[in-house]
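*Asks:* Sharing a structure below in structure tokens format, with a few things to ask.
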Amino acid sequence: MQDHLWQAVLGEIELSVTRASYVTWFKNTRLVSQDDDTITIGVPNVFIKQQLETKFTDLIKTTLKNNGVAPKHIEYKIHSGLVTKRPKEDAQPALHVETPSNSTSGSTATKTSRSNSSSLMHKYRQGLNERYTFDNFIVGSGNELAHAACQAVAQNPGKRYNPLFLYGGVGIGKTHLLQAVGNEVVKRNKDAHVVYVSTEQFVQEFIDAVRYKKNTDFASYYRNADVLIIDDMQFIAGKDKTQEEFFHTFNALHQANKQIIISSDKPPKDIPTLEERLRSRFAWGMSIDMQNPDFETRCAIIQTKASDSGAELDQEVVAFLAELVESNIRELEGALNQLLAFCEMRGLTPDVQIAKTLLGTTKTRPKHISAKQVVERTAKYFDVPIDDILGPKRDKDIVVPRQIAMYMLRSELHLSFPKIARELGRKDHTTAIHSVDKIERELAFDPSVKDVIEGIKERLYA
């Protein structure tokens, strides 16, 4: 009876939320117990538990009521039997993402072809997005060297700056430039085999290759690329077997004069637990630090994006937005889109007063954030006492926030592991290393962890 009820509830919820939200937060839940006052829902992990408690309880209550059940309380408990299962190898045809064509039929310039059952599945690949080109990339003082190097690579792959390593903070245009190179190479040579993949996709494919004994297929695909583009290299840290596989792939491509392009949020020397032999190879070519866009570049980005949306902004509004968001182009575009959408729905002309009322006047990225603030915001996000995070408790609902806090101290403030350990009241910094590595692994494969990290960042920089 409980199973039928919960399946009916999930069916309604699936129609009322996005597909991504349903798969991430609801798909792997179950109704564990039910009495007159309380319903207990089993969830796979603490991240989903926290999201359901804070964001979806009202929706669940309403949907239960629609199905004849009106509990006063809903509880969420982590249920060890609930795990997301990967499909069997023969559950669907294998997909191979090849070099994008010049077709304009879709926004993602990829071609898929069915292969025989012995081929490795590549269901994680997203391919190149034809929206990212050099023509629509705004060049400023913080990225002009990276832009020039990428253009040189696109014109003569494998001849100059090999490998090309771009690093910098979140949302400053690294992915745009990487994909612009791939799209330009394909534009110049439609037969070129360009492989664009995020590191988390590379890791997952390698895991599947080992699992399904398709190592040869995996190696063949990557080592036959003319241009290999790897995004977010920092996520390979701590994954020894994957690093070894990438090392051999790197050597094979470099010796064949094939182009390798890599991005990361930090330079090779600062990527924790990255093998020394990979650090040395990344230094063979050119490493470029992409800086935050300056004021003039931010203004140009705003004007270009507004024009693309068919809107014209006066200089005062442009300047306000450029000063509001200083370090993240994605956030800058988000603020602009929010303003344009608000004005369009109400038939208004965007002005500074509307922008201030809608977006506020506080900059989204303060320049100075303390370690104490990071730990406090993390504790508040999980609704646990900060003394518990700093204390000796080993309960799962305390350990996970503690690990997240350590990851945030590393990723946001770039603290050393001994310093992180001291901030969390630990004597041994190996705990910090383990915690950061664990969260980085979770980030690569669990969308709910990414959502938690973004939620804490929103509170941290609000």
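We name chains A, B, ... following the order of the structure tokens; residues begin at 1 in each chain, and ligands are numbered from 1 as shown.
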For region 331-348 of chain A, find every residue with an atom within 12 Å (counting only C-alpha atoms), except residues of its own chain fewer than 6 positions away, and show them as number ranges by chain.

*Replies:* A: 170-173, 292-293, 295, 297-313, 317-325, 354-361, 363-365, 458, 461

*Asks:* Find the residues around Ile433 (chain A) up to 12 Å (only C-alpha atoms counted), leave out those fewer than 3 positions away in its own chain, and share them as an mmCIF file with N, CA, C and O atoms, in the first residue's frame.

*Replies:*
```cif
data_model
loop_
_atom_site.group_PDB
_atom_site.id
_atom_site.type_symbol
_atom_site.label_atom_id
_atom_site.label_comp_id
_atom_site.auth_asym_id
_atom_site.auth_seq_id
_atom_site.Cartn_x
_atom_site.Cartn_y
_atom_site.Cartn_z
ATOM 1 N N ALA A 237 42.294 15.355 -9.220
ATOM 2 C CA ALA A 237 43.149 15.227 -8.038
ATOM 3 C C ALA A 237 42.675 14.088 -7.152
ATOM 4 O O ALA A 237 41.484 13.912 -6.910
ATOM 5 N N GLY A 238 43.626 13.278 -6.684
ATOM 6 C CA GLY A 238 43.317 12.193 -5.773
ATOM 7 C C GLY A 238 42.845 10.912 -6.440
ATOM 8 O O GLY A 238 42.645 9.906 -5.763
ATOM 9 N N PRO A 272 45.789 19.901 -5.466
ATOM 10 C CA PRO A 272 46.222 18.940 -4.443
ATOM 11 C C PRO A 272 46.257 17.512 -4.977
ATOM 12 O O PRO A 272 45.428 17.118 -5.799
ATOM 13 N N THR A 273 47.229 16.757 -4.526
ATOM 14 C CA THR A 273 47.420 15.325 -4.851
ATOM 15 C C THR A 273 47.490 15.068 -6.355
ATOM 16 O O THR A 273 47.153 13.976 -6.812
ATOM 17 N N GLN A 403 33.086 18.066 6.674
ATOM 18 C CA GLN A 403 33.861 17.826 5.450
ATOM 19 C C GLN A 403 33.585 18.911 4.406
ATOM 20 O O GLN A 403 34.496 19.369 3.721
ATOM 21 N N ILE A 404 32.327 19.312 4.307
ATOM 22 C CA ILE A 404 31.973 20.388 3.378
ATOM 23 C C ILE A 404 32.686 21.683 3.765
ATOM 24 O O ILE A 404 33.204 22.410 2.905
ATOM 25 N N MET A 406 35.512 21.997 5.332
ATOM 26 C CA MET A 406 36.922 21.867 4.969
ATOM 27 C C MET A 406 37.117 22.083 3.470
ATOM 28 O O MET A 406 38.068 22.767 3.043
ATOM 29 N N TYR A 407 36.217 21.509 2.675
ATOM 30 C CA TYR A 407 36.305 21.706 1.222
ATOM 31 C C TYR A 407 36.157 23.181 0.871
ATOM 32 O O TYR A 407 36.900 23.700 0.020
ATOM 33 N N LEU A 409 36.844 25.801 2.711
ATOM 34 C CA LEU A 409 38.054 26.537 3.115
ATOM 35 C C LEU A 409 39.164 26.354 2.083
ATOM 36 O O LEU A 409 39.951 27.276 1.834
ATOM 37 N N ARG A 410 39.214 25.169 1.493
ATOM 38 C CA ARG A 410 40.239 24.893 0.484
ATOM 39 C C ARG A 410 39.904 25.562 -0.841
ATOM 40 O O ARG A 410 40.743 26.221 -1.461
ATOM 41 N N LEU A 415 43.258 27.730 1.598
ATOM 42 C CA LEU A 415 44.078 27.510 2.791
ATOM 43 C C LEU A 415 44.857 26.211 2.667
ATOM 44 O O LEU A 415 44.439 25.276 1.980
ATOM 45 N N SER A 416 45.987 26.143 3.344
ATOM 46 C CA SER A 416 46.762 24.908 3.386
ATOM 47 C C SER A 416 46.010 23.889 4.234
ATOM 48 O O SER A 416 45.167 24.242 5.077
ATOM 49 N N PHE A 417 46.340 22.606 4.062
ATOM 50 C CA PHE A 417 45.651 21.570 4.821
ATOM 51 C C PHE A 417 45.909 21.682 6.327
ATOM 52 O O PHE A 417 44.982 21.509 7.120
ATOM 53 N N PRO A 418 47.133 21.980 6.760
ATOM 54 C CA PRO A 418 47.328 22.185 8.203
ATOM 55 C C PRO A 418 46.484 23.343 8.749
ATOM 56 O O PRO A 418 45.930 23.253 9.843
ATOM 57 N N LYS A 419 46.376 24.420 7.972
ATOM 58 C CA LYS A 419 45.576 25.563 8.400
ATOM 59 C C LYS A 419 44.098 25.180 8.485
ATOM 60 O O LYS A 419 43.394 25.566 9.431
ATOM 61 N N ILE A 420 43.621 24.427 7.508
ATOM 62 C CA ILE A 420 42.215 23.966 7.524
ATOM 63 C C ILE A 420 41.968 23.127 8.769
ATOM 64 O O ILE A 420 40.949 23.286 9.459
ATOM 65 N N ALA A 421 42.895 22.222 9.059
ATOM 66 C CA ALA A 421 42.740 21.357 10.235
ATOM 67 C C ALA A 421 42.646 22.198 11.510
ATOM 68 O O ALA A 421 41.797 21.935 12.382
ATOM 69 N N ARG A 426 41.166 20.418 14.481
ATOM 70 C CA ARG A 426 41.801 19.117 14.292
ATOM 71 C C ARG A 426 43.316 19.248 14.439
ATOM 72 O O ARG A 426 43.903 20.242 14.005
ATOM 73 N N ASP A 428 45.438 16.703 13.271
ATOM 74 C CA ASP A 428 46.055 15.993 12.147
ATOM 75 C C ASP A 428 45.491 16.518 10.829
ATOM 76 O O ASP A 428 44.287 16.426 10.581
ATOM 77 N N HIS A 429 46.353 17.061 9.971
ATOM 78 C CA HIS A 429 45.863 17.656 8.718
ATOM 79 C C HIS A 429 45.486 16.598 7.672
ATOM 80 O O HIS A 429 44.886 16.928 6.655
ATOM 81 N N THR A 430 45.814 15.325 7.921
ATOM 82 C CA THR A 430 45.398 14.283 6.969
ATOM 83 C C THR A 430 43.866 14.166 6.928
ATOM 84 O O THR A 430 43.304 13.749 5.912
ATOM 85 N N VAL A 436 38.606 16.904 1.888
ATOM 86 C CA VAL A 436 38.574 17.650 0.624
ATOM 87 C C VAL A 436 38.519 16.688 -0.553
ATOM 88 O O VAL A 436 37.740 16.883 -1.500
ATOM 89 N N ASP A 437 39.333 15.637 -0.508
ATOM 90 C CA ASP A 437 39.317 14.647 -1.595
ATOM 91 C C ASP A 437 37.949 13.985 -1.712
ATOM 92 O O ASP A 437 37.443 13.763 -2.820
ATOM 93 N N LYS A 438 37.338 13.670 -0.581
ATOM 94 C CA LYS A 438 36.029 12.998 -0.588
ATOM 95 C C LYS A 438 34.969 13.894 -1.238
ATOM 96 O O LYS A 438 34.186 13.436 -2.080
ATOM 97 N N ILE A 439 34.932 15.161 -0.842
ATOM 98 C CA ILE A 439 33.926 16.069 -1.412
ATOM 99 C C ILE A 439 34.187 16.310 -2.892
ATOM 100 O O ILE A 439 33.253 16.403 -3.693
ATOM 101 N N GLU A 440 35.452 16.387 -3.295
ATOM 102 C CA GLU A 440 35.764 16.549 -4.715
ATOM 103 C C GLU A 440 35.272 15.343 -5.520
ATOM 104 O O GLU A 440 34.761 15.505 -6.636
#
```

*Asks:* May I ask for the distance between CA of Lys258 (chain A) and CA of Glu144 (chain A), given in Å to one decimal place?

*Replies:*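 Separating CA of Lys258 (chain A) from CA of Glu144 (chain A) is a distance of 24.2 Å.
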
*Asks:* As a PDB file with C-alpha atoms, in the first residue's frame, which residues of region 129-167 of chain A does DSSP assign to alpha helix (DSSP H)?

*Replies:*
```pdb
ATOM      1  CA  GLU A 144      43.654  38.925 -23.781  1.00  0.00           C
ATOM      2  CA  LEU A 145      46.703  36.646 -23.487  1.00  0.00           C
ATOM      3  CA  ALA A 146      44.497  33.562 -23.122  1.00  0.00           C
ATOM      4  CA  HIS A 147      42.398  34.696 -26.091  1.00  0.00           C
ATOM      5  CA  ALA A 148      45.453  35.214 -28.284  1.00  0.00           C
ATOM      6  CA  ALA A 149      46.956  31.853 -27.319  1.00  0.00           C
ATOM      7  CA  CYS A 150      43.680  30.044 -28.027  1.00  0.00           C
ATOM      8  CA  GLN A 151      43.427  31.651 -31.457  1.00  0.00           C
ATOM      9  CA  ALA A 152      46.995  30.611 -32.251  1.00  0.00           C
ATOM     10  CA  VAL A 153      46.233  27.036 -31.183  1.00  0.00           C
ATOM     11  CA  ALA A 154      43.037  26.930 -33.258  1.00  0.00           C
ATOM     12  CA  GLN A 155      44.942  28.023 -36.365  1.00  0.00           C
TER      13      GLN A 155
END
```

*Asks:* Within 12 Å of region 218-224 of chain A, counting only C-alpha atoms, which residues qualify if same-chain residues fewer than 6 places away don't, as a PyMOL selection string?

*Replies:* chain A and resi 96-99+118-122+192-197+202-212+230+242+244-260

*Asks:* DSSP says strand (DSSP E) for which residues of region 36-90 of chain A? Put them as a PyMOL selection string?

*Replies:* chain A and resi 38-43+73-78

*Asks:* Would you export the selected residues with C-alpha atoms as a JSON list (two decimals), in the first residue's frame, please?

*Replies:*
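Below is the file result_13.json, written as the result:
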```json
[["chain", "number", "residue", "atom", "x", "y", "z"],
["A", 38, "THR", "CA", 3.89, 11.31, 10.66],
["A", 39, "ILE", "CA", 5.22, 10.03, 7.37],
["A", 40, "THR", "CA", 8.86, 8.97, 7.14],
["A", 41, "ILE", "CA", 10.59, 9.18, 3.78],
["A", 42, "GLY", "CA", 13.80, 7.29, 3.11],
["A", 43, "VAL", "CA", 16.53, 9.15, 1.21],
["A", 73, "HIS", "CA", 4.84, 15.90, 10.19],
["A", 74, "ILE", "CA", 7.20, 14.61, 7.50],
["A", 75, "GLU", "CA", 10.51, 13.10, 8.52],
["A", 76, "TYR", "CA", 13.44, 12.20, 6.29],
["A", 77, "LYS", "CA", 15.80, 9.41, 7.19],
["A", 78, "ILE", "CA", 18.90, 8.21, 5.39]]
```

*Asks:* Can you list every residue of region 384-455 of chain A that has an atom at most 9 Å from region 23-34 of chain A, with its nearest atom pair and the distance in Å to one decimal, using only C-alpha atoms, ordered by chain then number, as CSV?

*Replies:*
```
residue,atom,partner,partner_atom,distance
A:Asp446,CA,A:Thr24,CA,8.4
A:Pro447,CA,A:Thr24,CA,6.6
A:Ser448,CA,A:Thr24,CA,6.4
```

*Asks:* Excluding Gly168 (chain A) and its own-chain neighbours fewer than 5 positions away, which residues fall within 9 Å of it when counting only C-alpha atoms? Please give them as a ChimeraX atom specification.

*Replies:* /A:174,263-267,288-292

*Asks:* Can you work out the spacing between CA of Gln179 (chain A) and CA of Asp240 (chain A) in Å, to one decimal?

*Replies:*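 Between CA of Gln179 (chain A) and CA of Asp240 (chain A) the gap is 27.2 Å.
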
*Asks:* Rounded to one decimal place, report the CA of Ile369 (chain A)-CA of Asp388 (chain A) distance in Å.

*Replies:*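 Value for the CA of Ile369 (chain A)-CA of Asp388 (chain A) distance: 21.8 Å.
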